[in-house]
Every structure is written in C-alpha cells, then in structure tokens.
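> As input, take work-v9.txt (compact mmCIF, C-alpha atoms):
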# COMPACT_ATOMS: atom_id res chain seq x y z
CA THR A 1 122.42 -13.06 50.57
CA PRO A 2 123.32 -9.37 50.73
CA ASN A 3 120.24 -8.66 48.62
CA ASP A 4 118.04 -10.43 51.16
CA SER A 5 119.54 -8.39 54.00
CA ILE A 6 119.07 -5.11 52.16
CA ARG A 7 115.47 -5.92 51.34
CA TYR A 8 114.85 -6.96 54.96
CA TYR A 9 116.17 -3.76 56.54
CA LYS A 10 114.67 -1.46 53.95
CA SER A 11 111.23 -3.05 54.35
CA PHE A 12 110.79 -1.74 57.90
CA LEU A 13 108.11 0.90 58.04
CA GLN A 14 109.02 3.74 60.39
CA ALA A 15 106.47 5.97 62.05
CA GLY A 16 106.34 9.23 63.94
CA LEU A 17 103.54 10.66 66.10
CA MET A 18 103.14 14.03 67.76
CA SER A 19 100.18 15.11 69.85
CA LEU A 20 99.57 18.50 71.46
CA ASP A 21 96.95 20.48 73.30
CA PRO A 22 96.07 23.23 70.82
CA HIS A 23 94.89 25.62 73.55
CA THR A 24 98.16 25.60 75.51
CA GLY A 25 100.69 24.30 73.01
CA HIS A 26 101.73 21.63 75.51
CA ILE A 27 103.07 18.55 73.76
CA LYS A 28 101.30 15.46 75.11
CA ALA A 29 102.99 12.76 73.07
CA TRP A 30 106.17 12.60 71.01
CA VAL A 31 107.03 9.27 69.42
CA GLY A 32 110.05 9.59 67.18
CA GLY A 33 110.12 6.07 65.79
CA ILE A 34 109.17 2.43 66.13
CA ASP A 35 112.18 1.32 68.22
CA HIS A 36 114.76 3.71 69.64
CA LYS A 37 117.24 0.92 70.36
CA HIS A 38 117.59 -0.09 66.73
CA PHE A 39 116.35 3.04 64.92
CA ALA A 40 117.55 6.00 67.01
CA TYR A 41 116.30 8.71 64.70
CA ASP A 42 113.56 11.22 65.46
CA HIS A 43 110.77 11.29 62.87
CA VAL A 44 108.94 14.13 64.64
CA TYR A 45 111.38 17.05 64.62
CA LEU A 46 114.43 15.99 62.63
CA SER A 47 112.87 14.07 59.76
CA LYS A 48 111.33 16.03 56.90
CA ARG A 49 109.36 14.26 54.23
CA GLN A 50 106.90 15.21 51.53
CA VAL A 51 103.57 15.97 53.18
CA GLY A 52 101.31 15.14 50.25
CA SER A 53 97.67 16.13 50.54
CA THR A 54 97.99 17.14 54.18
CA PHE A 55 99.17 20.47 52.75
CA LYS A 56 95.87 21.03 50.93
CA PRO A 57 94.00 22.64 53.87
CA PHE A 58 96.41 25.58 53.70
CA VAL A 59 95.46 26.02 50.04
CA TYR A 60 91.72 25.72 50.69
CA ALA A 61 92.03 28.21 53.55
CA LEU A 62 92.93 30.86 50.97
CA ALA A 63 89.58 30.33 49.23
CA LEU A 64 87.62 30.55 52.48
CA GLU A 65 89.58 33.63 53.57
CA ALA A 66 88.63 35.26 50.26
CA GLY A 67 84.95 34.74 50.99
CA LEU A 68 84.17 31.56 49.08
CA SER A 69 82.02 29.11 51.02
CA ALA A 70 82.72 25.43 51.51
CA CYS A 71 79.70 24.80 49.26
CA HIS A 72 81.15 26.80 46.35
CA LEU A 73 80.87 24.70 43.18
CA VAL A 74 83.93 24.08 41.01
CA PRO A 75 84.00 22.10 37.72
CA ASP A 76 85.98 18.89 38.13
CA ILE A 77 88.13 19.22 35.02
CA PRO A 78 91.91 19.28 34.52
CA TYR A 79 93.41 22.73 35.05
CA THR A 80 96.68 23.51 33.31
CA PHE A 81 99.44 25.71 34.67
CA LYS A 82 100.98 27.14 31.52
CA LYS A 83 104.68 27.31 30.70
CA GLY A 84 106.09 30.49 32.22
CA GLU A 85 103.31 30.71 34.79
CA PHE A 86 104.79 30.74 38.30
CA GLY A 87 108.20 29.99 36.74
CA LEU A 88 107.18 26.71 35.08
CA LEU A 89 109.46 25.43 32.33
CA LYS A 90 106.62 23.52 30.68
CA ASP A 91 102.87 23.03 30.95
CA TRP A 92 101.70 21.05 33.98
CA THR A 93 98.23 19.56 34.42
CA PRO A 94 97.52 17.75 37.71
CA LYS A 95 94.88 15.05 37.47
CA ASN A 96 92.93 12.80 39.79
CA GLU A 97 93.52 9.09 39.92
CA GLY A 98 90.77 7.21 38.06
CA ASP A 99 88.52 10.25 37.87
CA GLU A 100 85.46 10.92 35.73
CA TYR A 101 85.69 14.54 34.70
CA GLY A 102 82.93 16.92 33.70
CA TYR A 103 80.75 17.44 36.79
CA GLU A 104 80.71 20.12 39.48
CA VAL A 105 81.67 19.49 43.09
CA THR A 106 81.80 21.65 46.19
CA LEU A 107 85.07 22.75 47.73
CA LYS A 108 84.18 20.62 50.75
CA TYR A 109 83.73 17.54 48.55
CA GLY A 110 87.01 18.32 46.81
CA LEU A 111 88.96 18.31 50.06
CA ALA A 112 87.02 15.35 51.47
CA ASN A 113 88.16 13.28 48.51
CA SER A 114 91.55 14.94 48.10
CA MET A 115 90.84 15.90 44.49
CA ASN A 116 93.94 17.31 42.82
CA THR A 117 91.89 19.13 40.18
CA ILE A 118 89.94 21.16 42.71
CA THR A 119 93.07 22.05 44.68
CA ALA A 120 94.70 23.10 41.40
CA TRP A 121 91.73 25.41 40.70
CA VAL A 122 92.20 27.06 44.07
CA MET A 123 95.98 27.31 43.63
CA LYS A 124 95.66 28.93 40.19
CA ARG A 125 93.24 31.48 41.58
CA PHE A 126 95.17 32.40 44.74
CA THR A 127 98.81 31.60 43.72
CA PRO A 128 101.49 29.36 45.26
CA GLN A 129 103.10 32.40 46.90
CA ALA A 130 99.94 33.03 48.91
CA ALA A 131 99.79 29.36 49.95
CA VAL A 132 103.39 29.50 51.18
CA ALA A 133 102.73 32.69 53.12
CA TYR A 134 99.64 31.18 54.77
CA ALA A 135 101.48 27.99 55.75
CA HIS A 136 104.30 30.00 57.29
CA LYS A 137 101.79 32.10 59.19
CA CYS A 138 100.28 28.90 60.62
CA GLY A 139 103.64 27.76 61.98
CA ILE A 140 105.58 26.09 59.17
CA ARG A 141 109.23 27.11 59.56
CA SER A 142 110.89 25.27 56.69
CA HIS A 143 111.58 26.91 53.36
CA ILE A 144 108.86 26.11 50.82
CA GLU A 145 109.27 26.69 47.12
CA PRO A 146 106.23 28.58 45.73
CA VAL A 147 105.56 26.17 42.89
CA PRO A 148 102.20 24.98 41.50
CA SER A 149 102.91 21.36 42.53
CA LEU A 150 102.68 22.55 46.11
CA ALA A 151 98.95 21.99 45.59
CA LEU A 152 99.79 18.26 45.75
CA GLY A 153 102.09 18.65 48.76
CA VAL A 154 105.61 18.34 47.33
CA ALA A 155 107.16 20.27 50.23
CA ASP A 156 109.40 18.43 52.70
CA LEU A 157 108.19 19.32 56.19
CA SER A 158 108.44 17.86 59.67
CA LEU A 159 105.64 16.31 61.68
CA HIS A 160 106.37 18.88 64.38
CA GLU A 161 105.64 21.70 61.92
CA MET A 162 102.48 20.09 60.60
CA ALA A 163 101.02 19.46 64.05
CA THR A 164 101.80 23.05 65.03
CA ALA A 165 100.09 24.44 61.96
CA TYR A 166 96.99 22.24 62.28
CA SER A 167 96.60 23.22 65.93
CA THR A 168 95.82 26.76 64.75
CA PHE A 169 92.51 25.55 63.32
CA ALA A 170 91.60 23.92 66.63
CA ASN A 171 92.53 26.94 68.74
CA ARG A 172 90.15 29.53 67.26
CA GLY A 173 92.82 30.79 64.89
CA MET A 174 95.52 31.31 67.53
CA ARG A 175 98.87 29.62 66.93
CA MET A 176 100.61 28.42 70.09
CA GLU A 177 104.26 27.49 69.78
CA PRO A 178 104.60 23.87 71.01
CA VAL A 179 106.23 23.40 74.42
CA TYR A 180 107.55 20.17 75.89
CA LEU A 181 109.48 21.67 78.81
CA LEU A 182 107.71 24.22 81.02
CA ARG A 183 110.45 25.12 83.49
CA ILE A 184 113.58 23.98 85.29
CA GLU A 185 114.20 24.59 88.98
CA ASP A 186 117.30 23.86 91.02
CA ASN A 187 117.16 21.82 94.22
CA GLY A 188 116.39 24.97 96.18
CA GLY A 189 113.34 25.75 94.09
CA THR A 190 114.94 28.63 92.20
CA MET A 191 113.71 28.97 88.64
CA ILE A 192 116.61 28.67 86.20
CA TYR A 193 114.55 28.22 83.04
CA GLU A 194 110.99 29.00 82.02
CA SER A 195 109.60 28.51 78.55
CA GLN A 196 108.54 31.54 76.55
CA GLN A 197 105.81 30.77 74.04
CA ASP A 198 105.31 32.56 70.77
CA ILE A 199 101.56 33.20 70.39
CA GLU A 200 100.09 34.71 67.24
CA GLU A 201 96.61 35.27 65.87
CA VAL A 202 96.64 33.70 62.42
CA MET A 203 92.96 33.83 61.49
CA SER A 204 89.59 34.72 62.97
CA GLU A 205 87.75 32.15 65.05
CA GLU A 206 85.05 32.09 62.34
CA GLN A 207 87.62 31.22 59.70
CA ALA A 208 89.18 28.58 61.95
CA TYR A 209 85.82 26.87 62.49
CA LYS A 210 85.05 26.96 58.77
CA MET A 211 88.31 25.11 58.17
CA LEU A 212 87.42 22.54 60.83
CA ASP A 213 84.04 22.05 59.16
CA ILE A 214 85.52 21.50 55.72
CA MET A 215 88.02 18.99 57.18
CA MET A 216 85.22 17.14 58.95
CA GLY A 217 84.08 16.17 55.46
CA VAL A 218 87.25 14.06 55.20
CA THR A 219 86.17 11.82 58.08
CA GLU A 220 82.37 12.00 57.73
CA GLY A 221 82.20 12.01 53.93
CA GLU A 222 80.55 14.48 51.60
CA LEU A 223 77.89 13.87 48.97
CA GLY A 224 78.85 14.66 45.39
CA GLY A 225 80.58 13.43 42.28
CA PRO A 226 79.13 11.18 39.59
CA VAL A 227 76.03 9.05 40.08
CA ASP A 228 76.94 5.53 41.15
CA PRO A 229 75.10 3.16 38.78
CA GLU A 230 74.82 0.52 41.51
CA VAL A 231 72.65 2.69 43.74
CA GLY A 232 71.33 5.17 41.17
CA ARG A 233 72.54 8.22 43.07
CA GLN A 234 75.63 10.00 44.30
CA ARG A 235 77.53 8.51 47.21
CA LYS A 236 78.89 10.22 50.28
CA THR A 237 82.65 9.74 50.20
CA GLY A 238 85.72 10.89 52.14
CA THR A 239 89.26 9.55 52.37
CA ALA A 240 89.11 8.92 56.14
CA MET A 241 85.56 7.57 56.52
CA ARG A 242 86.92 4.11 57.28
CA MET A 243 87.60 5.19 60.88
CA HIS A 244 83.85 5.07 61.54
CA TYR A 245 82.90 1.82 59.84
CA ASP A 246 82.97 -1.20 62.11
CA VAL A 247 84.70 -4.01 60.24
CA GLU A 248 85.23 -7.28 62.07
CA SER A 249 88.85 -7.71 60.93
CA ARG A 250 89.95 -4.27 62.12
CA GLY A 251 90.52 -3.02 65.62
CA TYR A 252 91.06 0.65 64.87
CA ASP A 253 87.70 1.57 63.37
CA GLY A 254 84.18 1.69 64.77
CA ILE A 255 84.51 5.23 66.11
CA PRO A 256 80.92 6.49 66.50
CA TRP A 257 79.69 8.71 63.70
CA ASP A 258 78.62 11.42 66.12
CA VAL A 259 82.22 11.91 67.30
CA LYS A 260 83.35 15.00 65.43
CA ILE A 261 86.83 14.69 63.94
CA ALA A 262 88.50 17.07 61.51
CA GLY A 263 91.37 15.62 59.57
CA LYS A 264 93.31 15.13 56.39
CA THR A 265 94.98 12.13 54.85
CA GLY A 266 98.13 12.42 52.78
CA THR A 267 99.97 10.18 50.34
CA THR A 268 103.13 11.24 48.54
CA GLN A 269 104.68 10.55 45.15
CA GLY A 270 105.06 6.87 44.42
CA ASN A 271 103.23 5.98 47.65
CA SER A 272 106.40 6.63 49.63
CA ASP A 273 104.88 8.41 52.64
CA GLY A 274 101.54 8.10 54.40
CA TRP A 275 100.14 10.83 56.64
CA PHE A 276 97.12 11.52 58.77
CA MET A 277 96.50 14.73 60.66
CA GLY A 278 93.57 14.44 63.05
CA ILE A 279 91.91 17.14 65.15
CA VAL A 280 89.47 16.82 68.04
CA PRO A 281 88.55 19.87 70.17
CA ASP A 282 91.27 19.38 72.79
CA LEU A 283 93.96 17.43 70.97
CA VAL A 284 95.77 17.64 67.63
CA THR A 285 97.68 14.55 66.55
CA GLY A 286 99.73 13.91 63.44
CA VAL A 287 101.07 10.59 62.23
CA TRP A 288 103.63 9.87 59.52
CA VAL A 289 104.51 6.40 58.17
CA GLY A 290 107.20 5.50 55.66
CA ALA A 291 110.48 3.69 55.17
CA GLU A 292 113.81 5.21 56.19
CA ASP A 293 114.72 5.28 52.50
CA ARG A 294 112.12 7.30 50.64
CA SER A 295 112.84 5.35 47.46
CA VAL A 296 111.07 2.37 49.11
CA ARG A 297 107.48 2.62 47.97
CA PHE A 298 104.25 0.72 47.97
CA THR A 299 103.27 -0.80 44.65
CA ARG A 300 99.66 0.38 44.90
CA THR A 301 98.06 3.53 46.26
CA ASP A 302 95.28 1.61 48.01
CA LEU A 303 97.98 0.05 50.20
CA GLY A 304 100.41 2.95 50.56
CA GLN A 305 97.89 5.73 51.10
CA GLY A 306 97.80 7.55 54.42
CA ALA A 307 94.35 6.14 55.14
CA ASN A 308 95.85 2.65 55.20
CA THR A 309 99.15 3.35 56.96
CA ALA A 310 98.93 6.40 59.22
CA LEU A 311 95.21 6.67 59.97
CA PRO A 312 94.97 3.30 61.80
CA ILE A 313 97.74 4.41 64.19
CA TRP A 314 95.85 7.62 64.90
CA CYS A 315 92.64 5.69 65.60
CA TYR A 316 94.28 3.14 67.90
CA TYR A 317 95.92 5.99 69.80
CA MET A 318 92.78 8.11 70.12
CA LYS A 319 90.70 5.18 71.32
CA LYS A 320 93.14 4.74 74.22
CA VAL A 321 93.10 8.48 74.93
CA TRP A 322 89.30 8.60 75.06
CA GLU A 323 89.22 5.56 77.38
CA ASP A 324 91.26 7.37 80.07
CA PRO A 325 89.35 10.27 81.69
CA SER A 326 92.53 11.52 83.36
CA PHE A 327 93.72 12.89 80.01
CA GLY A 328 90.79 15.30 79.88
CA VAL A 329 90.15 14.62 76.19
CA THR A 330 86.48 13.91 75.57
CA THR A 331 84.36 13.24 72.50
CA ARG A 332 82.63 16.61 72.78
CA PRO A 333 81.90 18.50 69.54
CA PHE A 334 83.82 21.55 68.37
CA ASP A 335 82.68 24.89 69.75
CA VAL A 336 80.80 26.89 67.13
CA PRO A 337 81.46 30.65 67.27
CA GLU A 338 78.40 32.65 68.31
CA THR A 339 78.47 34.51 65.01
CA LEU A 340 78.13 31.26 63.06
CA LYS A 341 75.49 29.43 65.12
CA ASN A 342 72.73 30.31 62.67
CA ASP A 343 74.75 29.38 59.59
CA ASN A 344 74.06 26.22 57.60
CA PHE A 345 77.19 24.17 56.95
CA ASP A 346 75.44 21.29 55.19
CA CYS A 347 76.12 21.49 51.44
CA THR A 348 74.19 18.34 50.56
CA ASN A 349 71.58 17.29 53.13
CA GLY A 350 72.51 13.77 52.05
CA SER A 351 73.09 10.52 53.89
CA SER A 352 75.19 7.47 53.19
CA ASP A 353 74.84 3.74 53.50
CA ASP A 354 78.08 3.03 51.69
CA GLU A 355 80.12 -0.06 52.37
CA PRO A 356 83.66 0.66 53.62
CA PHE A 357 86.55 0.46 51.22
CA ASP A 358 89.10 -2.07 52.39
CA GLY A 359 92.66 -1.07 51.55
CA GLY A 360 93.92 -4.59 52.22
CA GLU A 361 96.74 -5.87 54.36
CA ILE A 362 100.31 -4.58 54.16
CA ASN A 363 102.65 -7.19 52.75
CA GLU A 364 106.41 -6.92 52.36
CA LYS A 365 106.19 -7.61 48.64
CA ASP A 366 103.96 -4.54 48.25
CA LEU A 367 106.80 -2.28 49.37
CA PHE A 368 108.81 -2.73 46.22
CA ASN A 369 108.12 -1.81 42.61
In structure tokens, write the structure found in this file.


Amino acid sequence: TPNDSIRYYKSFLQAGLMSLDPHTGHIKAWVGGIDHKHFAYDHVYLSKRQVGSTFKPFVYALALEAGLSACHLVPDIPYTFKKGEFGLLKDWTPKNEGDEYGYEVTLKYGLANSMNTITAWVMKRFTPQAAVAYAHKCGIRSHIEPVPSLALGVADLSLHEMATAYSTFANRGMRMEPVYLLRIEDNGGTMIYESQQDIEEVMSEEQAYKMLDIMMGVTEGELGGPVDPEVGRQRKTGTAMRMHYDVESRGYDGIPWDVKIAGKTGTTQGNSDGWFMGIVPDLVTGVWVGAEDRSVRFTRTDLGQGANTALPIWCYYMKKVWEDPSFGVTTRPFDVPETLKNDNFDCTNGSSDDEPFDGGEINEKDLFN
C-alpha cells in the first residue's frame, strides 16, 4: 500500500561523517550519506540539523574561560529562566530525564552525563549571547539565535561546522579552516589554484587542554551523583563509556581504557538526530545519524540517543584507522601543556566496575511514535 511504501522509505537512517587533521585542517574523510546512488544528498556540508548536546562544550568553555575549574561543584536542581529574561515569553525550566535532584556535582560530571540542569546553570551565568559568540569564534558559520534553549542544542548546524569547531580543542586552541583541495596544476605544472587557509587563535593551549580533559569524562566516566543502593556508593558514569566495554554482541566497543578520547554525544528533540563528536590527538571525527525527514523519530531515548546511533559508527571507523599505520593516527595520549603538567585533573580519585548499559537493537518499529 502507499502507506507501506512511505513507511519503508522514511525508515532509512541516513548518516554523515567528517574527519580532519586538526593540526593542518586537511579533511581526511567526507562521507555525505549511506548510498550516493539512491540518496544523493550531502549530510556533511549541506545538511543542517539540531546538534543537541554536542553544543554543550561551547557553553562549558565559557565557565572554564572565566576561571572555574572542571571540579567546580554545582547543585543539581532545576534552574528557571524567567519570563522576559533573554527575550523569553514565558518561564522555561530545563530538566534532566529521570533525575534525582538535590545533590552537588562537578562541571566535569555534568558534561560527562549531559545534564541539562548543569548546562542551564552555566548558561544563566554566562548568557546565551556569550555562548553564540564563542561558538562562532570556534568556527561555526551559521546564524544561531541567542536563546536559553541553546543550552540543550536547539541550533541547526552542519557536521562540517561542528568538526571544524571541535578541532580547535585538539589543536591547542588554534582554529584551522578545513581544506579538501590543496592545489590545482595544469599539465605543464603551473599552479592555477592554491588553497588559502584561515587560521585563528581562539583560546590558549591551556584552555584547549582543559576542554579536552572535561570531554574525556564523557568517554571515561566521572564519579558523582546519587549513591547507587545496589553497590552502596556513587558510580562512575559517562554517556560514551560503552565504547570501552567489551560486550560479546558488539563489534564496535572494546577500545582499551588507556586510549584517551575526548568526545560528546548528542540527541535532539524527540530522538530525531543522534550525534557523536570524537577527538583523538591527531584526528577529529564527527558523525550524525537521522532520517531524511526530521519528523521521523525513535520512540525511546535509549534507542535514539547518539550513543546508540552515531557512536558505534565512530568506533568502527576509528578501529580501522588505528589498524593502518600509514594513516599516522596512533593511540598516543594528548599533549599536556608544560604549564599544566603539575596540575591535578582528577576530581574524584574514584574507579568503576560498572556494567555497560545496553541501548538495545534498532528496530524499524522504534522509528515511529
């Protein structure tokens, strides 16, 4: 029936991937979609979708720039943006999904677990206008409305923009404009085109490393939150920890815990888009997953979240990259600036023996409400 055909075509999940060397700006991989023959649309440069929580690092960067440490404690309670504040027409109070309010967490724990309340606290203190300005400085070119809900990532941005901006953290605070074409020569060897890169210092190398450290909590987990009654203590949690656990039914995980990865997951309204932005010292890679029609959504967040849709693609890709020495991308740790080598970045001194959280398998019926 026509209804069957519509449901069939709308159930396809599209994906985009962009990978670049943050030190040169050279684009190493550009995958615009799942099948160019049937879906000839570029989801790297042309497509713009809500970025969800992958925008949060730009908000947290404001707090670190202002001198707050990653270990700064913030009460996990709902924070209300009042009517008239930042142009709001009515009160707005962002909340966490299934949260237990009333305890204090560090900024690093807040980002590791993508807590809307903690991001709202930062946004109220440093303003949406400042967040927009910082994102633009990092390489975002699209217009962004300076609204409080930007704390949850309501802006429509491209994967190209996001990868560019994240590369600034990996390149000691220097933003390199991405380049996919270096030069063009005629058959006589005469140069007829040579790329001109825009290079700008966005932040200090100390600030850039502090942002990498806080984003490493996303993949390694951070200790905090309420006491788990099953174990009688707090657990170390992070939205991308599953990349390290070795589960028999998965092929993308099992990345050794000592491999340092900074990253951020993202899930948009109604579980429409899934994102993962991952950084290793010599490569920045972003992945977006979603349907062509943004009204097609997963029925549950545990299935539609970026950790369950985009992150596996990133892991499969990086495993292949690490296997081939010719790419020059190793599992070396991030370089710590000399001025920070005596600093302590451990907010908890904790350890974890948590079991991985299984988001389940993607099923066509889960794509529709």

> Have a look at atom CA of Met243 of chain A and atom CA of Trp30 of chain A and let me know their distance in Å, one decimal.

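Computing the Euclidean distance for atom CA of Met243 of chain A and atom CA of Trp30 of chain A yields 22.4 Å.
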
> Near Thr265 of chain A, within 9 Å and counting all atoms listed in the file, which residues show up once chain neighbours fewer than 3 positions away are dropped, as an MDAnalysis selection string?

chainID A and resid 52:54 114 218 239:240 274:278 305:307 310:311

> I'd like the contact shell of Arg172 of chain A - 9 Å cut-off, all atoms listed in the file, skipping same-chain residues fewer than 2 positions apart - returned as a PyMOL selection string.

chain A and resi 23+168-170+174-175+201+203-209+337

> Around the point (103.7, 33.5, 72.0), in the coordinates given by the file, pick out the residues reaching within 10 Å, counting all atoms listed in the file, and return them as a list of chain:residue names.

A:Gly25, A:Met174, A:Arg175, A:Met176, A:Glu177, A:Pro178, A:Gln196, A:Gln197, A:Asp198, A:Ile199, A:Glu200, A:Glu201

> With only C-alpha atoms counted and 10 Å as the cut-off, give the residues of segment 248-330 of chain A in contact with segment 55-59 of chain A, each with its shortest interatomic distance in Å and the pair that gives it, as a tab-separated table.


residue	atom	partner	partner_atom	distance
A:Gly263	CA	A:Pro57	CA	9.4
A:Lys264	CA	A:Pro57	CA	8.0
A:Thr265	CA	A:Phe55	CA	9.6
A:Gly266	CA	A:Phe55	CA	8.1

> Could N, CA, C and O atoms be built for segment 50-64 of chain A and written out as a compact mmCIF listing (two decimals), in the coordinates of the input?


# COMPACT_ATOMS: atom_id res chain seq x y z
N GLN A 50 108.00 14.61 52.26
CA GLN A 50 106.90 15.21 51.53
C GLN A 50 105.60 15.00 52.32
O GLN A 50 105.35 13.91 52.83
N VAL A 51 104.79 16.04 52.36
CA VAL A 51 103.57 15.97 53.18
C VAL A 51 102.34 15.59 52.38
O VAL A 51 101.27 15.34 52.95
N GLY A 52 102.44 15.56 51.06
CA GLY A 52 101.31 15.14 50.25
C GLY A 52 100.08 16.01 50.48
O GLY A 52 100.17 17.22 50.70
N SER A 53 98.94 15.38 50.48
CA SER A 53 97.67 16.13 50.54
C SER A 53 97.38 16.75 51.90
O SER A 53 96.41 17.50 52.03
N THR A 54 98.20 16.46 52.91
CA THR A 54 97.99 17.14 54.18
C THR A 54 98.30 18.63 54.07
O THR A 54 97.96 19.41 54.97
N PHE A 55 98.92 19.04 52.97
CA PHE A 55 99.17 20.47 52.75
C PHE A 55 97.93 21.18 52.19
O PHE A 55 97.81 22.40 52.29
N LYS A 56 97.01 20.43 51.63
CA LYS A 56 95.87 21.03 50.93
C LYS A 56 95.01 21.96 51.79
O LYS A 56 94.49 22.96 51.27
N PRO A 57 94.79 21.68 53.09
CA PRO A 57 94.00 22.64 53.87
C PRO A 57 94.53 24.06 53.85
O PRO A 57 93.75 25.02 53.90
N PHE A 58 95.85 24.23 53.76
CA PHE A 58 96.41 25.58 53.70
C PHE A 58 96.05 26.27 52.38
O PHE A 58 95.94 27.49 52.32
N VAL A 59 95.88 25.46 51.34
CA VAL A 59 95.46 26.02 50.04
C VAL A 59 93.98 26.38 50.09
O VAL A 59 93.57 27.48 49.69
N TYR A 60 93.17 25.47 50.60
CA TYR A 60 91.72 25.72 50.69
C TYR A 60 91.42 26.90 51.62
O TYR A 60 90.44 27.63 51.41
N ALA A 61 92.25 27.10 52.63
CA ALA A 61 92.03 28.21 53.55
C ALA A 61 92.07 29.54 52.82
O ALA A 61 91.38 30.49 53.21
N LEU A 62 92.86 29.63 51.76
CA LEU A 62 92.93 30.86 50.97
C LEU A 62 91.57 31.17 50.35
O LEU A 62 91.14 32.33 50.32
N ALA A 63 90.90 30.13 49.85
CA ALA A 63 89.58 30.33 49.23
C ALA A 63 88.56 30.78 50.26
O ALA A 63 87.75 31.69 50.00
N LEU A 64 88.58 30.17 51.45
CA LEU A 64 87.62 30.55 52.48
C LEU A 64 87.91 31.95 53.01
O LEU A 64 87.00 32.72 53.30
